[in-house]
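Asks: Sharing query28.txt (compact mmCIF, C-alpha atoms) below.
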# COMPACT_ATOMS: atom_id res chain seq x y z
CA MET A 75 171.45 148.53 75.15
CA ARG A 76 175.10 148.83 74.05
CA MET A 77 174.71 145.62 72.08
CA LEU A 78 171.76 147.07 70.15
CA ILE A 79 173.57 150.33 69.40
CA LEU A 80 176.62 148.44 68.12
CA LEU A 81 174.46 146.22 65.92
CA ILE A 82 172.51 149.19 64.52
CA ILE A 83 175.75 150.90 63.45
CA SER A 84 177.11 147.71 61.83
CA PRO A 85 176.15 148.80 58.24
CA ILE A 86 178.06 152.07 58.87
CA LEU A 87 181.07 150.04 60.04
CA VAL A 88 180.86 147.91 56.87
CA PHE A 89 180.62 151.07 54.76
CA VAL A 90 183.77 152.54 56.37
CA VAL A 91 185.69 149.26 55.87
CA HIS A 92 184.35 149.08 52.31
CA MET A 93 185.69 152.59 51.57
CA VAL A 94 189.18 151.42 52.56
CA VAL A 95 189.00 148.01 50.85
CA SER A 96 187.67 149.35 47.53
CA ARG A 97 190.52 151.87 47.40
CA LEU A 98 193.24 149.34 48.28
CA SER A 99 191.99 146.33 46.32
CA ARG A 100 192.48 146.15 42.57
CA ARG A 101 192.45 142.35 42.22
CA PHE A 102 188.83 141.53 42.84
CA SER A 103 185.48 142.50 41.37
CA PRO A 104 183.53 145.26 43.21
CA GLN A 105 181.13 142.66 44.63
CA MET A 106 184.00 140.62 46.03
CA ASP A 107 185.36 143.78 47.67
CA ALA A 108 181.97 144.27 49.33
CA ILE A 109 181.94 140.66 50.61
CA ILE A 110 185.52 140.99 51.93
CA SER A 111 184.53 144.24 53.70
CA ILE A 112 181.55 142.52 55.34
CA LEU A 113 183.80 139.70 56.59
CA ILE A 114 186.44 142.12 57.95
CA ALA A 115 183.73 144.22 59.63
CA GLN A 116 182.31 141.04 61.15
CA ILE A 117 185.59 140.41 62.96
CA LEU A 118 185.71 144.04 64.13
CA MET A 119 182.09 143.86 65.30
CA ALA A 120 182.80 140.64 67.23
CA LEU A 121 185.72 142.35 68.99
CA LEU A 122 183.63 145.45 69.77
CA LEU A 123 180.79 143.33 71.15
CA TYR A 124 183.18 141.30 73.28
CA TYR A 125 184.94 144.38 74.67
CA PHE A 126 181.92 146.62 75.28
CA VAL A 127 179.15 144.10 76.03
CA PHE A 128 180.30 140.67 77.16
CA HIS A 129 183.77 141.22 78.68
CA GLY A 130 183.80 140.68 82.45
CA ARG A 131 180.07 140.07 82.73
CA PRO A 132 178.97 136.87 84.45
CA THR A 133 176.34 135.45 82.11
CA LYS A 134 174.51 132.14 82.03
CA THR A 135 175.45 129.83 79.14
CA ILE A 136 171.91 129.85 77.70
CA GLU A 137 171.86 133.67 77.68
CA LEU A 138 175.31 133.79 76.07
CA VAL A 139 174.22 131.35 73.36
CA SER A 140 171.02 133.30 72.62
CA ALA A 141 172.99 136.59 72.54
CA PHE A 142 175.47 135.03 70.12
CA PHE A 143 172.69 133.85 67.78
CA TYR A 144 170.91 137.18 68.10
CA CYS A 145 174.03 139.17 67.13
CA PHE A 146 174.88 136.71 64.35
CA ILE A 147 171.41 136.93 62.77
CA VAL A 148 171.04 140.72 63.10
CA TYR A 149 174.55 141.50 61.83
CA ASN A 150 174.29 139.18 58.84
CA ALA A 151 170.77 140.33 57.94
CA LEU A 152 171.79 144.01 58.04
CA THR A 153 175.02 143.50 56.09
CA TYR A 154 173.23 141.27 53.56
CA THR A 155 170.88 144.21 52.99
CA TYR A 156 173.91 146.51 52.61
CA PHE A 157 175.38 144.11 50.04
CA HIS A 158 172.14 144.16 48.05
CA PHE A 159 172.04 147.94 48.22
CA PHE A 160 175.61 148.11 46.88
CA ASN A 161 174.74 145.52 44.24
CA ILE A 162 171.89 147.72 43.00
CA SER A 163 174.38 150.54 42.40
CA GLU A 164 176.63 148.06 40.58
CA THR A 165 174.31 146.04 38.36
CA SER A 166 170.83 147.56 38.32
CA ARG A 167 169.75 148.25 34.75
CA ARG A 168 167.40 150.97 35.97
CA ILE A 169 170.13 152.83 37.84
CA ARG A 170 172.51 152.44 34.92
CA THR A 171 169.97 153.73 32.42
CA ALA A 172 168.93 156.49 34.83
CA TYR A 173 172.58 157.52 35.04
CA GLU A 174 172.83 157.53 31.24
CA LEU A 175 169.68 159.66 31.14
CA GLU A 176 171.12 162.06 33.71
CA LYS A 177 174.07 162.59 31.37
CA ALA A 178 172.13 162.69 28.11
CA GLY A 179 168.85 164.31 29.26
CA HIS A 180 166.78 162.18 26.87
CA LEU A 181 167.39 158.74 25.38
CA HIS A 182 165.65 157.23 22.39
CA VAL A 183 164.68 153.55 22.68
CA SER A 184 167.02 152.82 19.76
CA ASP A 185 169.91 154.15 21.89
CA ILE A 186 169.30 151.36 24.37
CA VAL A 187 168.48 148.53 21.94
CA PRO A 188 172.03 148.06 20.53
CA ILE A 189 173.38 147.49 24.01
CA TYR A 190 170.63 145.62 25.82
CA GLY A 191 168.62 144.06 23.05
CA THR A 192 169.53 141.35 20.53
CA PRO A 193 171.33 138.05 21.29
CA ASP A 194 174.42 140.03 22.37
CA LEU A 195 172.60 140.36 25.66
CA ILE A 196 172.95 136.62 26.19
CA ASP A 197 176.73 136.80 25.66
CA ILE A 198 176.97 139.45 28.38
CA TYR A 199 175.10 137.24 30.83
CA ILE A 200 177.00 134.05 29.88
CA GLU A 201 180.37 135.80 30.30
CA ARG A 202 179.14 137.19 33.61
CA VAL A 203 178.37 133.68 34.94
CA ILE A 204 181.73 132.38 33.64
CA ALA A 205 183.54 135.27 35.39
CA LEU A 206 181.88 134.19 38.63
CA ASN A 207 183.20 130.61 38.12
CA GLN A 208 179.66 129.21 38.02
CA LEU A 209 179.77 128.11 34.38
CA THR A 210 182.52 126.83 32.11
CA CYS A 211 182.80 126.13 28.38
CA LYS A 212 184.01 122.65 27.36
CA ASN A 213 184.22 121.81 23.64
CA GLY A 214 181.71 124.52 22.77
CA ARG A 215 179.22 123.40 25.41
CA TYR A 216 178.48 125.30 28.58
CA VAL A 217 178.42 123.20 31.77
CA LEU A 218 177.94 124.01 35.45
CA ASN A 219 181.17 124.76 37.29
CA GLY A 220 180.02 125.81 40.76
CA SER A 221 176.96 125.13 42.85
CA LEU A 222 176.59 128.27 45.01
CA PHE A 223 174.65 130.35 42.51
CA TYR A 224 172.76 127.32 41.28
CA TYR A 225 171.36 126.74 44.79
CA ALA A 226 170.62 130.48 45.08
CA ALA A 227 168.74 130.21 41.78
CA LEU A 228 166.78 127.21 43.07
CA MET A 229 165.81 129.09 46.23
CA LEU A 230 164.68 132.12 44.25
CA LYS A 231 162.75 129.86 41.89
CA ALA A 232 160.98 128.30 44.88
CA LEU A 233 160.22 131.72 46.40
CA SER A 234 159.00 132.98 43.04
CA TYR A 235 156.69 129.96 42.78
CA ILE A 236 155.36 130.40 46.34
CA LEU A 237 154.66 134.09 45.66
CA GLY A 238 152.78 133.16 42.52
CA PHE A 239 155.15 134.72 39.97
CA GLN A 240 156.43 131.44 38.42
CA ARG A 241 158.77 133.17 36.01
CA TYR A 242 161.77 130.92 36.51
CA SER A 243 160.73 128.14 34.14
CA THR A 244 163.71 126.22 32.80
CA LEU A 245 162.32 125.86 29.30
CA SER A 246 160.31 128.57 27.60
CA LYS A 247 159.07 129.09 24.09
CA PRO A 248 160.72 131.98 22.25
CA SER A 249 158.36 134.90 21.77
CA LYS A 250 158.27 137.61 19.13
CA ILE A 251 160.72 140.52 19.24
CA PRO A 252 158.88 143.41 20.94
CA GLU A 253 158.20 146.46 18.85
CA VAL A 254 160.36 149.39 19.87
CA MET B 115 169.99 138.12 76.82
CA SER B 116 166.89 136.00 77.36
CA PRO B 117 166.26 133.40 74.63
CA VAL B 118 162.59 134.38 74.82
CA LEU B 119 163.44 137.70 73.13
CA LEU B 120 165.16 135.85 70.30
CA LEU B 121 162.10 133.61 69.87
CA TYR B 122 159.71 136.58 69.98
CA GLY B 123 161.68 138.41 67.28
CA LEU B 124 161.79 135.35 65.02
CA THR B 125 158.08 134.65 65.60
CA VAL B 126 157.07 138.21 64.67
CA PHE B 127 159.04 137.90 61.41
CA VAL B 128 157.58 134.46 60.57
CA ILE B 129 154.02 135.75 61.20
CA CYS B 130 154.62 138.74 58.89
CA LEU B 131 156.11 136.45 56.24
CA CYS B 132 153.07 134.16 56.42
CA ILE B 133 150.67 137.13 56.07
CA HIS B 134 152.70 138.36 53.08
CA LEU B 135 152.71 134.94 51.37
CA LEU B 136 149.00 134.46 52.02
CA LEU B 137 148.12 137.86 50.56
CA TRP B 138 150.33 137.32 47.51
CA ARG B 139 148.79 133.91 46.88
CA ILE B 140 145.32 135.45 46.91
CA ARG B 141 146.15 138.47 44.78
CA HIS B 142 149.23 140.57 43.99
CA PRO B 143 148.57 144.08 45.33
CA GLY B 144 148.88 147.08 43.04
CA ASN B 145 151.33 149.05 45.14
CA GLU B 146 153.60 146.23 46.28
CA VAL B 147 156.18 148.44 47.98
CA LEU B 148 153.57 150.14 50.16
CA VAL B 149 151.92 146.83 51.14
CA LEU B 150 155.30 145.25 51.94
CA LEU B 151 156.20 148.23 54.16
CA LEU B 152 152.83 147.96 55.86
CA ILE B 153 153.16 144.21 56.50
CA PHE B 154 156.81 144.11 57.55
CA PHE B 155 157.37 147.48 59.25
CA ILE B 156 154.29 149.47 60.24
CA MET B 157 151.93 146.68 61.39
CA PRO B 158 154.48 144.73 63.53
CA LEU B 159 155.75 147.91 65.17
CA LEU B 160 152.20 148.80 66.19
CA VAL B 161 151.60 145.26 67.47
CA ILE B 162 154.88 145.21 69.44
CA CYS B 163 154.19 148.65 70.95
CA PHE B 164 150.62 147.79 71.96
CA SER B 165 151.55 144.32 73.28
CA ARG B 166 153.17 145.99 76.32
CA PHE B 167 149.66 146.59 77.63
CA LEU B 168 148.75 142.92 77.38
CA TYR B 169 148.30 140.99 80.58
CA GLY B 170 150.97 138.35 81.27
CA VAL B 171 153.78 139.73 79.12
CA GLU B 172 155.32 142.18 81.59
CA PHE B 173 158.80 141.87 80.15
CA LEU B 174 157.55 143.58 76.96
CA SER B 175 156.91 146.74 78.98
CA HIS B 176 160.69 147.21 79.20
CA PRO B 177 161.81 149.50 76.31
CA VAL B 178 165.11 147.63 75.80
CA ASN B 179 163.26 144.34 75.35
CA LEU B 180 160.91 145.97 72.84
CA ALA B 181 163.89 147.42 70.97
CA THR B 182 165.64 144.02 70.96
CA ILE B 183 162.63 142.29 69.40
CA SER B 184 162.06 145.14 66.93
CA LEU B 185 165.69 145.21 65.75
CA LEU B 186 165.72 141.46 65.04
CA HIS B 187 162.46 141.70 63.13
CA MET B 188 163.59 144.82 61.18
CA ALA B 189 166.92 143.22 60.22
CA LEU B 190 165.25 140.05 58.92
CA SER B 191 162.55 142.04 57.13
CA SER B 192 165.13 144.26 55.42
CA ALA B 193 167.03 141.19 54.23
CA TYR B 194 163.82 139.62 52.89
CA ILE B 195 162.69 142.81 51.11
CA ALA B 196 166.18 143.10 49.55
CA THR B 197 165.73 139.58 48.11
CA TYR B 198 162.14 140.08 46.98
CA PRO B 199 162.87 141.90 43.65
CA ALA B 200 165.08 138.98 42.53
CA ALA B 201 162.17 136.56 43.11
CA LYS B 202 159.74 138.86 41.33
CA ALA B 203 161.79 139.65 38.24
CA THR B 204 163.46 137.11 35.99
CA SER B 205 167.18 137.23 36.63
CA PRO B 206 168.80 136.24 33.30
CA THR B 207 171.98 135.03 35.01
CA LEU B 208 170.07 132.67 37.31
CA LYS B 209 167.82 131.58 34.46
CA ILE B 210 170.86 130.58 32.38
CA LEU B 211 172.20 128.57 35.34
CA LEU B 212 168.90 126.71 35.77
CA ILE B 213 168.68 125.91 32.07
CA VAL B 214 172.25 124.63 31.89
CA ALA B 215 171.71 122.62 35.12
CA SER B 216 168.65 120.94 33.63
CA ALA B 217 170.80 119.82 30.67
CA MET B 218 173.66 118.39 32.73
CA PRO B 219 175.96 116.42 32.33
CA ASN B 220 176.13 117.27 28.60
CA GLY B 221 175.50 121.01 29.02
CA LEU B 222 174.24 123.33 26.29
CA THR B 223 175.71 125.19 23.34
CA ARG B 224 175.30 128.96 23.06
CA ALA B 225 172.59 128.51 20.41
CA GLU B 226 170.64 126.17 22.69
CA ILE B 227 170.86 128.66 25.56
CA VAL B 228 169.62 131.47 23.29
CA LYS B 229 166.72 129.25 22.22
CA HIS B 230 165.63 128.51 25.79
CA VAL B 231 166.38 131.83 27.52
CA ASP B 232 164.14 133.72 25.12
CA VAL B 233 166.00 136.98 24.55
CA PRO B 234 162.93 138.87 23.26
CA GLU B 235 161.12 138.13 26.53
CA LEU B 236 164.10 139.40 28.52
CA PHE B 237 164.28 142.55 26.45
CA SER B 238 160.55 143.07 26.70
CA ASN B 239 160.77 142.74 30.51
CA TYR B 240 163.68 145.15 30.47
CA LEU B 241 161.65 147.78 28.61
CA LYS B 242 158.76 147.29 31.05
CA ASP B 243 161.21 147.60 33.97
CA LEU B 244 162.44 150.91 32.63
CA GLU B 245 159.05 152.52 33.00
CA CYS B 246 159.22 152.83 36.74
CA SER B 247 159.11 155.77 39.09
CA LEU B 248 162.68 156.72 38.16
CA ILE B 249 162.25 156.81 34.42
CA ALA B 250 159.25 157.98 32.43
CA LYS B 251 158.41 157.32 28.79
CA GLU B 252 158.18 160.49 26.72
CA GLY B 253 157.36 160.11 23.05
CA ASP B 254 159.65 157.45 21.60
CA GLY B 255 162.24 157.74 24.34
CA PHE B 256 162.81 158.02 28.05
CA VAL B 257 163.40 160.91 30.44
CA LEU B 258 164.38 161.04 34.08
CA THR B 259 161.78 161.94 36.71
CA TRP B 260 162.65 164.04 39.80
CA LYS B 261 162.79 160.83 41.86
CA GLY B 262 165.20 159.41 39.29
CA ARG B 263 167.42 162.49 39.52
CA LEU B 264 167.45 162.26 43.30
CA THR B 265 168.26 158.52 43.23
CA VAL B 266 171.04 158.93 40.68
CA SER B 267 172.59 161.78 42.71
CA PHE B 268 172.45 159.64 45.85
CA PHE B 269 174.08 156.64 44.15
CA ILE B 270 176.77 158.84 42.58
CA LEU B 271 177.59 160.23 46.06
CA PHE B 272 177.51 156.74 47.63
CA ARG B 273 179.86 155.29 45.01
CA ARG B 274 182.13 158.34 45.01
CA MET B 275 182.65 157.83 48.76
CA LEU B 276 183.65 154.24 47.94
CA GLY B 277 186.05 155.50 45.29
CA LEU B 278 183.92 154.04 42.49
CA GLN B 279 181.99 155.38 39.53
CA ILE B 280 178.55 154.34 38.30
CA PRO B 281 179.21 151.56 35.76
CA THR B 282 177.90 152.97 32.51
CA VAL B 283 176.68 150.99 29.52
CA ASP B 284 179.83 151.77 27.55
CA VAL B 285 182.02 150.18 30.22
CA LEU B 286 179.68 147.24 30.75
CA SER B 287 181.95 144.26 31.34
CA PRO B 288 181.14 140.67 32.38
CA HIS B 289 182.85 140.73 35.78
CA LYS B 290 180.91 143.83 36.81
CA GLY B 291 177.62 142.14 37.45
CA LEU B 292 176.47 139.54 39.91
CA LEU B 293 172.86 138.84 39.07
Could you render the structure as structure tokens?
Replies:
Amino acid sequence: MRMLILLIISPILVFVVHMVVSRLSRRFSPQMDAIISILIAQILMALLLYYFVFHGRPTKTIELVSAFFYCFIVYNALTYTYFHFFNISETSRRIRTAYELEKAGHLHVSDIVPIYGTPDLIDIYIERVIALNQLTCKNGRYVLNGSLFYYAALMLKALSYILGFQRYSTLSKPSKIPEV
Amino acid sequence: MSPVLLLYGLTVFVICLCIHLLLWRIRHPGNEVLVLLLIFFIMPLLVICFSRFLYGVEFLSHPVNLATISLLHMALSSAYIATYPAAKATSPTLKILLIVASAMPNGLTRAEIVKHVDVPELFSNYLKDLECSLIAKEGDGFVLTWKGRLTVSFFILFRRMLGLQIPTVDVLSPHKGLL
């Protein structure tokens, strides 16, 4: 039972560590701070589980192995969800626009177009991928630099296809500018 | 911890995932969030709770065992539901990566990326995305709904506790975003 309680509170532990890390760290991007916090909290959680659950308890090897996998899966699934939740607050266009609306009260479509519309949008996304070391520019041509996000993109493309969305086509015909 | 509990938890999640995939292949439901909650949270909890009365699975009558299975299933379901929006919507960042990857080893110029990514489509999707439960269209603009106000207040509090501010459009910088 103690193991379950510790695992349930793991997102709270990550949040507390994240509060400290985000205040101390100025070198990394906010997402990297979140990942670092999850890794630090993982070590703390392992120590807590060892001290409160497994220390001094005679357990069969098979039960120890299954408990290890159980804790590993649950902790990583919960903290992955926490990371996504944090990421929504960081990058979600809806939240960002909602925040702008909270400040302004009402926004005209033309207030949003100069920032999110037009080919400038592409530059924002390209620079974002370069900042994450996944893309690099060589002689005016963009080439892949890392593979982590590429594999993530492939997995999402496969999931999108299985779910019947099929929106991750690699080549698409340009459509007309929507009327705003 | 018995490995059977681990297997039970994983099996419950896989069954729910299969039901979800099957339903989505047949037809995308109107209220996706509600159906996802029903498939991944409400239905399995009912099944797990009622399975204690089944003959031959006595160990499920123990509340700790039930909680162990439920926690594993809930954790995996939460992680899947967190990923789901990225599979549903077109992530421009990932789309750019796929397009550049398909043109390797030569890569693509900016103009070629613009041609293939289809900015108008992205912008059109963005405008559609805006009209959600948080933001409502009013005349030729947008206003915040009460759900939107509540969400924004929550995120402001969450980020303030982390010592961060909501990244606004005027401070939009490349390193700020992940997807």
Asks: As a VMD selection string, please: the residues near region 174-184 of chain A (cut-off 6 Å, only C-alpha atoms, same-chain neighbours under 6 positions excluded).
Replies: chain B and resid 255 to 257
Asks: Suppose we keep C-alpha atoms; can you now write the selection as a compact mmCIF listing (two decimals), in the frame of the given file?
Replies:
# COMPACT_ATOMS: atom_id res chain seq x y z
CA GLY B 255 162.24 157.74 24.34
CA PHE B 256 162.81 158.02 28.05
CA VAL B 257 163.40 160.91 30.44
Asks: Please provide the set of residues having any atom within 12 Å of Ala226 (chain A), restricted to only C-alpha atoms, with same-chain residues fewer than 2 positions apart removed, written as a count of residues only.
Replies: 23
Asks: Point out the residue among B:Phe269, B:Tyr122, B:Tyr198, B:Phe127 with the least atom-to-atom distance to Ser165 (chain B), counting all atoms listed in the file.
Replies: B:Tyr122
Asks: Return as AutoDock Vina command-line options the centre and edge lengths, in Å with one decimal, of the box along x, y and z that encloses every atom of region 95-113 of chain A in the file, padded by 8 Å per side.
Replies:
--center_x 187.2 --center_y 145.8 --center_z 49.0 --size_x 28.1 --size_y 28.2 --size_z 31.2
Asks: Quick one: distance from CA of Leu78 (chain A) to CA of Ile109 (chain A) in Å, one decimal?
Replies: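 Separating CA of Leu78 (chain A) from CA of Ile109 (chain A) is a distance of 22.9 Å.
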Asks: Just checking: using all atoms listed in the file, which residue out of B:Leu148, B:Ile162, B:Met218, B:Leu131 ends up closest to chain A?
Replies: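 Of all the options, B:Met218 lies closest to chain A.
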Asks: Excluding Ile210 (chain B) and residues on its chain fewer than 4 positions from it, collect all residues at most 9 Å away from it, counting only C-alpha atoms, and give them as a list in words.
Replies: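 Answer for this query is Ile196, Tyr199, Ile200, Val203 and Thr244 of chain A; Ser205, Pro206, Val214, Ala215, Ile227, His230 and Val231 of chain B.
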